[in-house]
Amino acid sequence: MDILMPQLGETVTEGKVTNWYKSVGDSVSPGDNLFEIETDKTSMEVPTTVAGVISEIRVRAGATVPVGSVVAVLSAAKGAQSVSAAAVVAPLISAPVPNKALFDPLNPVRSPAKNFGSATLPNGIKSTPLARRLAAQNQIDLSQAQGSGPHGRIVAKDIEAILNSGDVQRRVSHEPRPLPIAPGTAAAHIKAIYSDVHFEESAIDGMRRTIAKRLTDAKQTIPHFYLSTDVVLDRVIALRGDLNRLDEKTPQKLSLNDFFIKAMAMALQRVPQANAVWAEESILRFARSDISVAVSVESGLFTPVIRAADSKSIGEIAKEMRSLIERARAKALKPVDYQGGSASISNLGMFGVSSFTAIINPPQAAILALGASERRPQEAADGSVYFANAMTATLSCDHRVIDGVLGAKLLAAFKNLLQAPLSLLV
Amino acid sequence: MATDFDVVVIGSGPGGYVAAIRASQLGMKAAIIEREDLGGVCLNWGCIPTKALLKSAEVFEKLGQLEEYGLTVTSPTFDFSKVMKRSRAVAQKLSSGVAFLMKKHKIEVLHGTASLEKADAAPKVVIDLKSGGVRTVMAKHVILASGARARVVPKAGMVPDGVRIWSYREALSAPKVPKTLIVIGSGAIGIEFASFFRALGAEVTVIEALPRILPLEDAEISAAAQKAFEKRGLRFVLGANVSNLTSSEAGVVVNLEKDNKKEILRAEQAIIAIGIEGNVENIGLEKLGVLIERGHVVTSSFGKTNVAGLYAIGDVAGPPWLAHKASHEGVHCVEYLAGKKLSGLTSPVPSCTYADPQVASVGISETQAKQRGYEVRIGRFPFRVNGKAIASGETTGFVKTVFDAKTGALLGAHMIGSEVTELIQGYALAMTLEATEDELFATIYPHPTLSEVMHEASLDAYGMAIHM
């Protein structure tokens with residue numbers, strides 16, 4: 001009798017065996033826990049419903065397999081009646097549903113035991129139940145199949161074709177699968193909607209595809225929250241002016257952005273608990289501040305990293321930024337230039353945006369979005385109104401790493417550094 | 001050379017007329033040639049009139065069971081000529097229906113007998129018109145849907161004589177119910193006639209050469225059917241070969257050989273139902289060099305024959321000799337001719353026998369599945385414990401499912417009982433959509449219905465039936 005990987009939760013497609021309580025050769029009685037599994041949602045123990053002897057363990061602890069895969073084999077207990085050859089599915093436990101959905105007859109039918117995923121792939125293509133079953137049994141990646149059914153539907157014949165061709169490349173890899181993206185409408189359907197409008201279709205290149213994927217993942221998995229504050233820039237504007245005049249010979253001037261980068265780097269030093277990233281199983285805290293700076297070039301968005309920005313002078317930061325921007329424009333950035341970083345900074349002020357909320361770049365835990373410097377009324381000590389240059393800074397935080405108070409402290413540190421800018425030079 | 005039509009269809013049975021309508025729907029100019037009545041054998045001398053007759057028989061048999069329902073009728077009788085007349089009226093109605101459809105879809109109907117002559121792109125069609133004269137038409141594609149007729153074995157005297165020896169054709173014009181009747185052949189046609197005449201009081205004996213009746217069905221169904229029919233008084237002689245059939249004023253004499261022993265059976269009337277032969281003669285097929293095997297035109301995909309521009313569909317192209325198979329082939333062929341993209345789905349052909357009890361099946365039997373190397377899971381569920389069946393007083397029969405143990409795919413479903421010919425489409429649909437046992441389990445069947453037995457029969461294959 002086969003013991004199968006159960007499905008914990010409606011959308012769960014695979015599970016990880018985290019621990020075996022029994023070994024090959026052990027006798028088990030109904031109710032005995034056999035192994036423990038973990039999915040992206042929960043973990044639990046899996047008991048046996050029949051008596052027997054463990055004759056085979058096919059999935060060792062630490063391995064992740066699709067729901068419905070055979071995890072172990074139980075043979076008849078010595079002296080007991082022979083166990084029927086039927087495969088028994090370990091009991092299904094669904095994740096607790098906080099709000100019970102009203103019964104909707106149009107909800108996609110989900111068969112309980114061996115689901116092997118939704119009928120619709122992320123790209124909108126549908127597959128028949130038998131095709132999904134065959135794909136899962138033979139570890140074939142459904143998205144690699146060429147659908148010959150109506151509307152590109154993947155039918156059993158298509159999976160059989162892959163099996164017969166012995167095409168190993170179409171096999172599913174056992175890397176942790178990216179979290180399921182909500183099924184969207186097929187490209188053809190979308191193009192059909194616009195069929196009476198003239199459009200130019202451009203293919204999605206590698207960079208765009210990567211950006212799309214990373215940002216979608218980020219938005220879907222990181223619990224974002226946002227903190228805003230206005231930073232009065234008059235003093236830093238004045239300081240910048242002074243510094244630029246001091247070195248009249250050099251054509252390379254300091255930009256306000258260079259000050260912002262330095263301020264962010266130092267703020268992270270002042271609030272070291274926020275100088276951290278989410279590493280799935282742990283949180284990594286850094287000693288130095290590496291700041292990823294959002295740079296927009298024609299072909300897309302890059303975030304080159306200024307390493308140890310906290311210990312570099314503003315001048316050094318400025319020089320490095322110029323070099324990185326040039327290389328970004330020339331598409332000459334290497335992965336080493338934009339991987340890593342403690343936090344990011346993004347400035348859309350030059351386009352007149354007053355404020356915005358940015359999407360965190362995983363695995364980072366924060367990104368600072370800076371708006372345009374605008375003349376805004378301020379109240380003076382004597383109650384009169386004066387105008388000052390103010391900029392709205394919005395900090396996006398990953399609540400798993402940075403909670404509200406910590407984020408607020410980080411933002412306050414950034415503001416204070418800029419509002420007392422001489423501290424940036426120390 | 002300019003063509004008169006895009007498609008010319010020879011024969012207006014369920015294969016032909018459906019092909020013509022589909023062609024018209026796809027914008028093709030179509031013509032159809034019919035030498036007898038529109039609708040072919042199915043509508044006029046087959047499927048339709050027999051169902052009308054069987055309905056009369058069913059209702060009459062119910063009259064004998066009214067007590068069960070708290071009703072009374074005194075001395076139920078029937079007027080056989082009226083029963084027959086009704087079946088003719090039904091056939092006529094449907095034939096007119098086809099005429100209407102041809103008109104609606106602007107398909108030119110040519111009444112006459114067609115033959116084919118060699119031409120370049122597609123054979124020339126020469127029609128001997130009923131109204132007199134000859135007309136030749138050129139078409140881009142010619143679809144042969146000339147159907148089939150009852151198989152005869154003249155050597156053994158198994159040829160209808162229209163008096164004592166009938167084929168289905170003559171049986172459908174029977175003047176009266178014979179007191180005693182011998183039916184040779186226990187396929188769907190033989191069984192349906194046997195069931196019909198039995199219901200109206202005839203003493204019926206069915207002779208079958210193979211060891212079981214309804215030999216194309218799953219063995220368990222054959223056994224259950226035989227038992228049910230015997231309960232109604234039908235007699236069966238199995239594993240018997242008819243060596244000679246003779247007729248006289250007195251009746252028919254059947255000489256048969258069973259287990260190496262000779263036997264003689266006598267009756268007032270005999271019906272020959274020993275198979276089908278394609279109508280391949282006198283159409284000019286030999287001259288064209290059309291490949292014909294065992295009385296049927298050989299076809300490859302989409303009904304293509306070995307002659308350019310000539311296609312064959314339906315009974316003339318081989319088994320299964322079923323109207324819905326002919327219609328499906330007709331549509332498939334025409335869509336191919338129109339260049340339409342294939343749906344990429346295949347669908348199994350269901351089989352139905354409208355006797356009492358009815359039999360219906362789709363897919364392969366348990367034996368066939370094992371022969372093909374499948375490891376199977378079998379499910380069975382009887383009607384006698386089903387609420388609707390009990391309430392209706394129709395508790396005969398059961399449903400059997402055959403699953404591929406490895407993939408959970410439904411390989412076949414076999415049913416015997418009340419209304420199963422209406423129920424079988426559920427399984428056919430499931431198989432077309434490549435459902436596995438999961439989807440069959442998850443589908444919600446309404447209660448109380450006979451169809452719940454279908455649900456339980458699927459569940460039973462996995463040891464999960466609830467009501468047993």
# chains A, B, ... in the order shown; residues from 1 in each chain; ligands from 1
>>> interface_residues(of="chain A", to="chain B", cutoff="6 Å", atoms="only C-alpha atoms", output="list in words")
Ser111, Thr128, Pro129, Leu130, Ser148, Gly149 and Pro150 of chain A
>>> residues_around(residues="Leu43 of chain B", least_positions_apart="4", cutoff="9 Å", atoms="only C-alpha atoms", output="tab-separated table (two decimals) with N, CA and C atoms, in the first residue's frame")
chain	number	residue	atom	x	y	z
B	13	GLY	N	-28.74	9.56	-45.27
B	13	GLY	CA	-28.93	9.04	-43.91
B	13	GLY	C	-28.28	9.98	-42.91
B	14	PRO	N	-28.16	9.56	-41.63
B	14	PRO	CA	-27.56	10.43	-40.62
B	14	PRO	C	-26.13	10.84	-40.92
B	37	ASP	N	-35.98	7.43	-49.49
B	37	ASP	CA	-36.54	8.51	-48.67
B	37	ASP	C	-35.44	9.24	-47.92
B	38	LEU	N	-35.60	10.55	-47.82
B	38	LEU	CA	-34.64	11.36	-47.07
B	38	LEU	C	-34.55	10.86	-45.63
B	39	GLY	N	-33.33	10.79	-45.15
B	39	GLY	CA	-33.12	10.30	-43.80
B	39	GLY	C	-32.52	8.90	-43.81
B	47	CYS	N	-33.23	2.91	-36.84
B	47	CYS	CA	-33.26	3.50	-35.50
B	47	CYS	C	-34.62	4.05	-35.10
B	48	ILE	N	-35.15	4.93	-35.93
B	48	ILE	CA	-36.33	5.69	-35.51
B	48	ILE	C	-37.59	4.85	-35.42
B	49	PRO	N	-38.01	4.18	-36.48
B	49	PRO	CA	-39.25	3.40	-36.35
B	49	PRO	C	-39.14	2.32	-35.27
B	90	VAL	N	-44.08	8.37	-37.45
B	90	VAL	CA	-42.90	8.96	-36.82
B	90	VAL	C	-41.77	9.08	-37.84
B	91	ALA	N	-41.56	7.99	-38.60
B	91	ALA	CA	-40.50	8.00	-39.62
B	91	ALA	C	-40.79	9.08	-40.64
B	92	GLN	N	-42.04	9.18	-41.04
B	92	GLN	CA	-42.43	10.16	-42.05
B	92	GLN	C	-42.16	11.57	-41.53
B	94	LEU	N	-40.01	12.57	-39.38
B	94	LEU	CA	-38.59	12.91	-39.34
B	94	LEU	C	-38.02	13.06	-40.73
B	95	SER	N	-38.51	12.28	-41.64
B	95	SER	CA	-38.03	12.40	-43.02
B	95	SER	C	-38.40	13.77	-43.57
>>> residues_around(residues="Ile360 of chain A", least_positions_apart="6", cutoff="10 Å", atoms="only C-alpha atoms", output="list in words")
Arg214, Leu215, Ala218, Lys219, Ile222, Pro223, His224, Ala343, Ser344, Ile345, Ala366, Ile367, Leu368, Leu395, Ser396, Cys397 and Asp398 of chain A
>>> select_by_dssp(residues="segment 356-428 of chain B", states="strand (DSSP E)", output="list of chain:residue names")
B:Gln358, B:Val359, B:Ala360, B:Ser361, B:Val362, B:Gly363, B:Val376, B:Arg377, B:Ile378, B:Gly379, B:Arg380, B:Phe381, B:Pro382, B:Gly397, B:Phe398, B:Val399, B:Lys400, B:Thr401, B:Val402, B:Phe403, B:Asp404, B:Leu410, B:Leu411, B:Gly412, B:Ala413, B:His414, B:Met415, B:Ile416, B:Gly417
>>> closest_residue(among="B:Thr401, B:Ser351, B:Ser300, B:Thr113", to="Thr421 of chain B", atoms="only C-alpha atoms")
B:Ser351
>>> closest_residue(among="A:Leu256, A:Ile359, A:Ala287, A:Met5", to="Asp217 of chain A", atoms="only C-alpha atoms")
A:Ile359
>>> residues_around(residues="Glu61 of chain B", least_positions_apart="6", cutoff="12 Å", atoms="only C-alpha atoms", output="list in words")
Leu54, Lys55, Pro76, Thr77, Phe78, Ser195, Phe196, Phe197, Arg198, Ala199, Leu200, Gly201, Arg232, Asp356 and Pro357 of chain B
>>> write_last_selection(atoms="N, CA and C atoms", output="compact mmCIF listing (two decimals), in the first residue's frame")
# COMPACT_ATOMS: atom_id res chain seq x y z
N LEU B 54 -40.78 0.16 -30.06
CA LEU B 54 -40.37 -0.28 -28.73
C LEU B 54 -41.06 0.53 -27.64
N LYS B 55 -41.41 1.78 -27.95
CA LYS B 55 -42.13 2.58 -26.98
C LYS B 55 -43.53 2.04 -26.79
N PRO B 76 -56.03 -5.06 -21.04
CA PRO B 76 -55.31 -4.22 -21.98
C PRO B 76 -55.14 -4.92 -23.33
N THR B 77 -55.32 -4.21 -24.39
CA THR B 77 -55.13 -4.77 -25.73
C THR B 77 -54.34 -3.81 -26.58
N PHE B 78 -53.97 -4.30 -27.76
CA PHE B 78 -53.32 -3.42 -28.72
C PHE B 78 -53.83 -3.71 -30.10
N SER B 195 -37.23 -8.40 -28.27
CA SER B 195 -37.87 -7.76 -27.13
C SER B 195 -39.23 -7.19 -27.51
N PHE B 196 -39.31 -6.59 -28.70
CA PHE B 196 -40.56 -5.98 -29.16
C PHE B 196 -41.67 -7.00 -29.33
N PHE B 197 -41.36 -8.03 -30.10
CA PHE B 197 -42.41 -9.02 -30.37
C PHE B 197 -42.78 -9.79 -29.11
N ARG B 198 -41.84 -10.01 -28.24
CA ARG B 198 -42.13 -10.71 -26.97
C ARG B 198 -43.13 -9.90 -26.16
N ALA B 199 -42.90 -8.58 -26.11
CA ALA B 199 -43.80 -7.73 -25.33
C ALA B 199 -45.23 -7.82 -25.83
N LEU B 200 -45.37 -8.07 -27.15
CA LEU B 200 -46.72 -8.14 -27.71
C LEU B 200 -47.24 -9.57 -27.75
N GLY B 201 -46.56 -10.46 -27.07
CA GLY B 201 -47.11 -11.79 -26.88
C GLY B 201 -46.50 -12.91 -27.68
N ARG B 232 -38.49 -12.48 -18.86
CA ARG B 232 -39.65 -12.03 -19.61
C ARG B 232 -40.16 -13.12 -20.54
N ASP B 356 -35.87 -4.18 -23.44
CA ASP B 356 -36.32 -4.01 -22.06
C ASP B 356 -35.73 -5.15 -21.25
N PRO B 357 -34.73 -4.95 -20.40
CA PRO B 357 -34.13 -3.67 -20.05
C PRO B 357 -33.19 -3.13 -21.12
>>> select_by_dssp(residues="segment 32-224 of chain B", states="alpha helix (DSSP H)", output="JSON, numbers by chain")
{"B": [40, 41, 42, 43, 44, 45, 47, 48, 49, 50, 51, 52, 53, 54, 55, 56, 57, 58, 59, 60, 61, 62, 63, 80, 81, 82, 83, 84, 85, 86, 87, 88, 89, 90, 91, 92, 93, 94, 95, 96, 97, 98, 99, 100, 101, 102, 103, 104, 168, 169, 170, 171, 188, 189, 190, 191, 192, 193, 194, 195, 196, 197, 198, 199, 219, 220, 221, 222, 223, 224]}
>>> decode(residues="segment 223-248 of chain B", atoms="C-alpha atoms", output="compact mmCIF listing (two decimals), in the first residue's frame")
# COMPACT_ATOMS: atom_id res chain seq x y z
CA ALA B 223 -25.06 -12.29 -18.70
CA ALA B 224 -27.35 -9.88 -16.85
CA ALA B 225 -29.22 -9.05 -20.04
CA GLN B 226 -29.84 -12.70 -20.82
CA LYS B 227 -31.17 -13.31 -17.34
CA ALA B 228 -33.48 -10.31 -17.55
CA PHE B 229 -34.77 -11.28 -20.99
CA GLU B 230 -35.32 -14.89 -19.91
CA LYS B 231 -37.38 -13.58 -17.02
CA ARG B 232 -39.65 -12.03 -19.61
CA GLY B 233 -39.94 -15.37 -21.36
CA LEU B 234 -37.38 -15.05 -24.14
CA ARG B 235 -35.49 -18.22 -25.01
CA PHE B 236 -31.86 -18.29 -26.07
CA VAL B 237 -29.83 -20.89 -27.96
CA LEU B 238 -26.17 -19.95 -27.74
CA GLY B 239 -23.08 -21.24 -29.48
CA ALA B 240 -25.30 -22.41 -32.29
CA ASN B 241 -24.60 -22.11 -36.01
CA VAL B 242 -27.50 -22.06 -38.45
CA SER B 243 -26.70 -24.48 -41.24
CA ASN B 244 -29.98 -24.08 -43.09
CA LEU B 245 -33.08 -21.93 -42.99
CA THR B 246 -36.12 -22.89 -45.03
CA SER B 247 -39.63 -21.56 -45.20
CA SER B 248 -42.99 -22.85 -46.30
